[in-house]
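S.K.: File name final-v3.tsv; file contents TSV, C-alpha atoms; full text below.
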```tsv
chain	number	residue	atom	x	y	z
A	24	MET	CA	-41.72	34.50	5.11
A	25	PRO	CA	-43.67	34.46	8.37
A	26	GLY	CA	-41.86	34.99	11.63
A	27	ARG	CA	-40.94	31.94	13.67
A	28	ARG	CA	-43.46	32.84	16.37
A	29	LEU	CA	-46.40	32.48	13.95
A	30	ILE	CA	-45.68	28.96	12.81
A	31	GLY	CA	-47.95	26.60	14.73
A	32	ASP	CA	-49.64	29.37	16.71
A	33	PRO	CA	-53.45	29.28	17.09
A	34	PRO	CA	-55.37	31.13	14.32
A	35	GLY	CA	-56.63	33.87	16.67
A	36	LYS	CA	-53.11	34.66	17.82
A	37	ARG	CA	-51.81	34.79	14.24
A	38	LYS	CA	-54.69	37.03	13.14
A	39	ALA	CA	-54.15	39.44	16.05
A	40	LEU	CA	-50.43	39.75	15.31
A	41	LYS	CA	-51.00	40.24	11.58
A	42	ALA	CA	-53.66	42.92	12.13
A	43	ALA	CA	-51.53	44.70	14.73
A	44	LYS	CA	-48.61	44.87	12.28
A	45	VAL	CA	-50.81	46.49	9.64
A	46	LEU	CA	-52.40	49.02	11.99
A	47	PHE	CA	-49.27	49.88	13.96
A	48	ALA	CA	-47.41	50.49	10.68
A	49	ARG	CA	-50.26	52.49	9.15
A	50	ARG	CA	-51.51	54.48	12.15
A	51	GLY	CA	-48.78	54.16	14.80
A	52	TYR	CA	-48.80	52.27	18.06
A	53	GLN	CA	-50.32	55.07	20.16
A	54	ASN	CA	-53.11	55.73	17.62
A	55	THR	CA	-54.26	52.11	17.39
A	56	THR	CA	-56.68	50.47	19.80
A	57	THR	CA	-57.04	46.78	20.57
A	58	LYS	CA	-60.66	47.12	19.47
A	59	GLU	CA	-59.46	48.22	16.01
A	60	ILE	CA	-56.94	45.37	15.89
A	61	ALA	CA	-59.68	42.88	16.77
A	62	ALA	CA	-62.02	44.30	14.12
A	63	LEU	CA	-59.39	44.08	11.38
A	64	ALA	CA	-58.44	40.56	12.50
A	65	GLY	CA	-62.06	39.41	12.60
A	66	ILE	CA	-61.73	38.31	16.22
A	67	SER	CA	-63.01	39.60	19.56
A	68	PRO	CA	-60.88	41.87	21.78
A	69	ALA	CA	-61.03	39.08	24.36
A	70	THR	CA	-59.16	36.82	21.92
A	71	ILE	CA	-56.32	39.33	21.78
A	72	PHE	CA	-56.08	39.41	25.57
A	73	LYS	CA	-56.17	35.62	25.69
A	74	TYR	CA	-52.75	35.63	24.01
A	75	TYR	CA	-51.33	39.06	24.87
A	76	GLU	CA	-51.73	40.73	28.27
A	77	SER	CA	-51.71	44.23	26.76
A	78	LYS	CA	-51.30	46.20	23.55
A	79	GLU	CA	-47.68	46.74	24.55
A	80	ALA	CA	-47.19	42.96	24.85
A	81	LEU	CA	-48.51	42.63	21.31
A	82	LEU	CA	-46.00	45.23	20.10
A	83	ARG	CA	-43.19	43.50	21.97
A	84	ALA	CA	-44.14	40.19	20.33
A	85	ILE	CA	-43.82	41.82	16.90
A	86	VAL	CA	-40.41	43.31	17.71
A	87	ASP	CA	-39.09	40.17	19.46
A	88	ASP	CA	-40.13	38.04	16.50
A	89	LEU	CA	-38.36	40.40	14.10
A	90	ALA	CA	-35.20	40.41	16.22
A	91	GLU	CA	-35.20	36.61	16.41
A	92	THR	CA	-35.85	36.26	12.67
A	93	SER	CA	-33.06	38.69	11.82
A	94	LYS	CA	-30.50	36.55	13.66
A	95	THR	CA	-30.85	33.61	11.27
A	96	ASP	CA	-27.62	32.60	9.55
A	97	PHE	CA	-27.07	36.15	8.30
A	98	PHE	CA	-24.64	37.10	11.07
A	99	LEU	CA	-22.74	33.83	10.70
A	100	ARG	CA	-22.30	34.60	7.00
A	101	VAL	CA	-21.13	38.13	7.88
A	102	GLN	CA	-18.44	36.65	10.15
A	103	ALA	CA	-17.12	34.43	7.33
A	104	VAL	CA	-16.44	37.04	4.63
A	105	ASP	CA	-12.90	37.66	3.40
A	106	SER	CA	-13.23	40.97	1.57
A	107	LEU	CA	-14.95	44.31	1.99
A	108	GLU	CA	-16.63	43.82	-1.39
A	109	GLU	CA	-18.02	40.46	-0.26
A	110	LEU	CA	-19.25	41.96	3.03
A	111	THR	CA	-20.92	44.89	1.29
A	112	HIS	CA	-22.62	42.69	-1.28
A	113	LEU	CA	-23.82	40.22	1.35
A	114	VAL	CA	-25.28	42.88	3.63
A	115	VAL	CA	-26.94	44.88	0.83
A	116	ALA	CA	-28.46	41.84	-0.90
A	117	ASP	CA	-29.59	40.09	2.28
A	118	ARG	CA	-31.00	43.12	4.08
A	119	LEU	CA	-32.94	44.36	1.02
A	120	VAL	CA	-34.67	40.97	0.82
A	121	PHE	CA	-35.16	40.97	4.60
A	122	PHE	CA	-36.79	44.40	4.36
A	123	GLU	CA	-39.16	43.23	1.64
A	124	HIS	CA	-40.37	40.43	3.90
A	125	HIS	CA	-40.54	42.54	7.08
A	126	GLN	CA	-41.42	46.02	5.88
A	127	LEU	CA	-44.33	46.51	8.30
A	128	GLU	CA	-42.33	45.51	11.36
A	129	ILE	CA	-39.41	47.74	10.39
A	130	MET	CA	-41.76	50.66	9.75
A	131	ILE	CA	-43.24	50.18	13.23
A	132	ILE	CA	-39.81	50.30	14.89
A	133	VAL	CA	-38.70	53.37	12.89
A	134	GLN	CA	-41.94	55.23	13.63
A	135	GLU	CA	-41.81	54.52	17.34
A	136	TYR	CA	-38.18	55.61	17.54
A	137	LEU	CA	-39.03	58.82	15.68
A	138	VAL	CA	-41.91	59.67	18.03
A	139	GLY	CA	-39.76	59.03	21.08
A	140	ASN	CA	-40.76	55.54	22.24
A	141	PRO	CA	-37.47	53.61	21.99
A	142	GLU	CA	-38.06	52.19	25.49
A	143	LEU	CA	-40.67	49.90	23.94
A	144	PHE	CA	-37.92	47.85	22.36
A	145	ASN	CA	-35.04	45.86	23.74
A	146	LEU	CA	-32.73	45.27	20.82
A	147	ASP	CA	-29.57	45.15	22.94
A	148	GLU	CA	-28.91	41.47	22.24
A	149	LEU	CA	-29.28	42.02	18.51
A	150	VAL	CA	-26.90	44.99	18.59
A	151	VAL	CA	-24.30	42.99	20.54
A	152	PHE	CA	-24.61	40.13	18.04
A	153	ALA	CA	-24.25	42.56	15.10
A	154	ASN	CA	-21.19	44.25	16.66
A	155	TYR	CA	-19.51	40.89	17.28
A	156	SER	CA	-20.23	39.72	13.71
A	157	PHE	CA	-18.89	42.89	12.10
A	158	ASN	CA	-15.79	42.79	14.33
A	159	GLN	CA	-15.12	39.25	13.14
A	160	ALA	CA	-15.67	40.26	9.51
A	161	VAL	CA	-13.37	43.28	9.66
A	162	ASN	CA	-10.66	41.22	11.38
A	163	ARG	CA	-10.88	38.63	8.58
A	164	ILE	CA	-10.84	41.35	5.91
A	165	ARG	CA	-7.72	42.96	7.41
A	166	ARG	CA	-5.84	39.61	7.16
A	167	HIS	CA	-5.79	40.07	3.37
A	168	PRO	CA	-4.64	42.96	1.21
A	169	THR	CA	-7.52	45.42	1.38
A	170	ARG	CA	-8.46	48.93	0.36
A	171	LEU	CA	-10.47	49.32	3.58
A	172	ASN	CA	-9.52	52.64	5.12
A	173	PRO	CA	-7.18	51.78	8.01
A	174	THR	CA	-8.90	54.36	10.23
A	175	CYS	CA	-12.26	52.57	9.91
A	176	SER	CA	-13.23	50.40	12.87
A	177	ALA	CA	-15.73	47.57	12.65
A	178	VAL	CA	-18.36	49.93	14.10
A	179	ASP	CA	-17.55	52.47	11.35
A	180	VAL	CA	-17.97	49.79	8.70
A	181	MET	CA	-21.27	48.60	10.17
A	182	ARG	CA	-22.59	52.14	10.65
A	183	THR	CA	-21.67	53.14	7.09
A	184	ILE	CA	-23.27	50.10	5.46
A	185	VAL	CA	-26.39	50.25	7.63
A	186	GLY	CA	-26.65	54.02	7.11
A	187	PHE	CA	-26.63	53.74	3.32
A	188	ILE	CA	-29.13	50.86	3.37
A	189	SER	CA	-31.41	52.65	5.85
A	190	THR	CA	-31.48	55.80	3.71
A	191	TYR	CA	-32.23	53.70	0.63
A	192	LEU	CA	-35.09	51.88	2.39
A	193	LEU	CA	-36.59	55.00	3.98
A	194	GLN	CA	-36.62	56.60	0.56
A	195	GLN	CA	-38.34	53.51	-0.85
A	196	VAL	CA	-41.08	53.68	1.80
A	197	TYR	CA	-41.64	57.40	2.17
A	198	LEU	CA	-40.64	58.68	-1.30
A	199	PRO	CA	-41.59	55.76	-3.56
A	200	GLY	CA	-41.61	57.82	-6.78
A	201	ALA	CA	-38.18	59.38	-6.24
A	202	PRO	CA	-35.26	57.97	-8.22
A	203	ARG	CA	-32.98	55.73	-6.21
A	204	PRO	CA	-29.84	53.79	-7.03
A	205	THR	CA	-29.81	50.15	-7.96
A	206	PRO	CA	-28.37	47.76	-5.36
A	207	ALA	CA	-25.15	47.61	-7.41
A	208	VAL	CA	-24.79	51.40	-7.33
A	209	LEU	CA	-25.61	51.36	-3.61
A	210	GLU	CA	-22.75	48.89	-3.10
A	211	GLU	CA	-20.39	51.11	-5.09
A	212	GLN	CA	-21.34	54.14	-2.98
A	213	ILE	CA	-20.69	52.21	0.24
A	214	LEU	CA	-17.33	50.93	-0.99
A	215	ARG	CA	-16.23	54.43	-2.06
A	216	SER	CA	-16.97	55.75	1.43
A	217	LEU	CA	-15.02	52.97	3.18
A	218	THR	CA	-11.92	52.62	1.01
A	219	VAL	CA	-8.78	54.50	0.15
A	220	ASP	CA	-7.17	54.41	-3.27
A	221	SER	CA	-4.04	52.28	-3.37
```
Let me see whether you can do it: turn the structure in this file into structure tokens.
M.R.:
Amino acid sequence: MPGRRLIGDPPGKRKALKAAKVLFARRGYQNTTTKEIAALAGISPATIFKYYESKEALLRAIVDDLAETSKTDFFLRVQAVDSLEELTHLVVADRLVFFEHHQLEIMIIVQEYLVGNPELFNLDELVVFANYSFNQAVNRIRRHPTRLNPTCSAVDVMRTIVGFISTYLLQQVYLPGAPRPTPAVLEEQILRSLTVDS
């Protein structure tokens, strides 16, 4: 599932982006040189600079492409759910598949945030879109009888679901041999944390 930016791009540009993803994820942004990216891509450093004005521009292209790809119809489907169970299942199933297809890009973002480089990314538009979508979903859910804890806001719901999924995915990447729950158990854990018994 290549990002939208890659489709129809010249081969040198695609190779540079692909190699940068691998090296940034493996070694970190700061520890990777454009010379190393060019070598892995099988292109000259000049080819990289033909398409990207700097290493930072290359990183921004990776992040922008991921942000654009993540806004597909996922958030529209989030807005249309009618139950907390439906919302939880949709987000867990969709984002686990999304992670499988974009593991390198997500690892790059997490690593750069952890080492203190969040200024490299501008994900504000994506966050606003996510907040709006979850607000719409929670408003729809509350129109029906629900076990959703009445003290939970849309932000609480989003934070809880994303928190559980993030922990699950970080464990998958950094502790691959450790036992982890199935997606169904993950959904149950999320629902238990967001609901009250009736």
S.K.: Which one is closest to Ala64 of chain A: A:Val45, A:Arg215, A:Val120, A:Asp147? Count all atoms listed in the file.
M.R.: A:Val45
S.K.: For a quick check of understanding, using only C-alpha atoms, which of A:Val86, A:Val196, A:Ile164, A:Ala80 has the smallest distance to Leu149 of chain A?
M.R.: A:Val86
S.K.: When you count all atoms listed in the file, which of these residues is closest to Ala177 of chain A: A:Asn54, A:Thr92, A:Gln126, A:Asn158?
M.R.: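 Closest residue, counting all atoms listed in the file: A:Asn158.
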S.K.: Which polymer residues have any atom within 12 Å of an atom of Glu128 of chain A, counting all atoms listed in the file, with same-chain residues fewer than 2 positions away left out, as a PyMOL selection string?
M.R.: chain A and resi 25-26+40-49+51-52+82-90+92-93+121-126+130-135
S.K.: Enter the distance from atom CA of Val150 of chain A to atom CA of Ser106 of chain A, in Å, rounded to one decimal.
M.R.: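 Separation of atom CA of Val150 of chain A and atom CA of Ser106 of chain A: 22.2 Å.
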S.K.: Just want the 7 Å neighbourhood of Ala160 of chain A, counted on all atoms listed in the file, with same-chain residues fewer than 4 positions away dropped. Output as a ChimeraX atom specification.
M.R.: /A:101-104,156,164
S.K.: Measure the distance from atom CA of Tyr75 of chain A to atom CA of Ile129 of chain A in Å and round it to one decimal.
M.R.: 20.7 Å
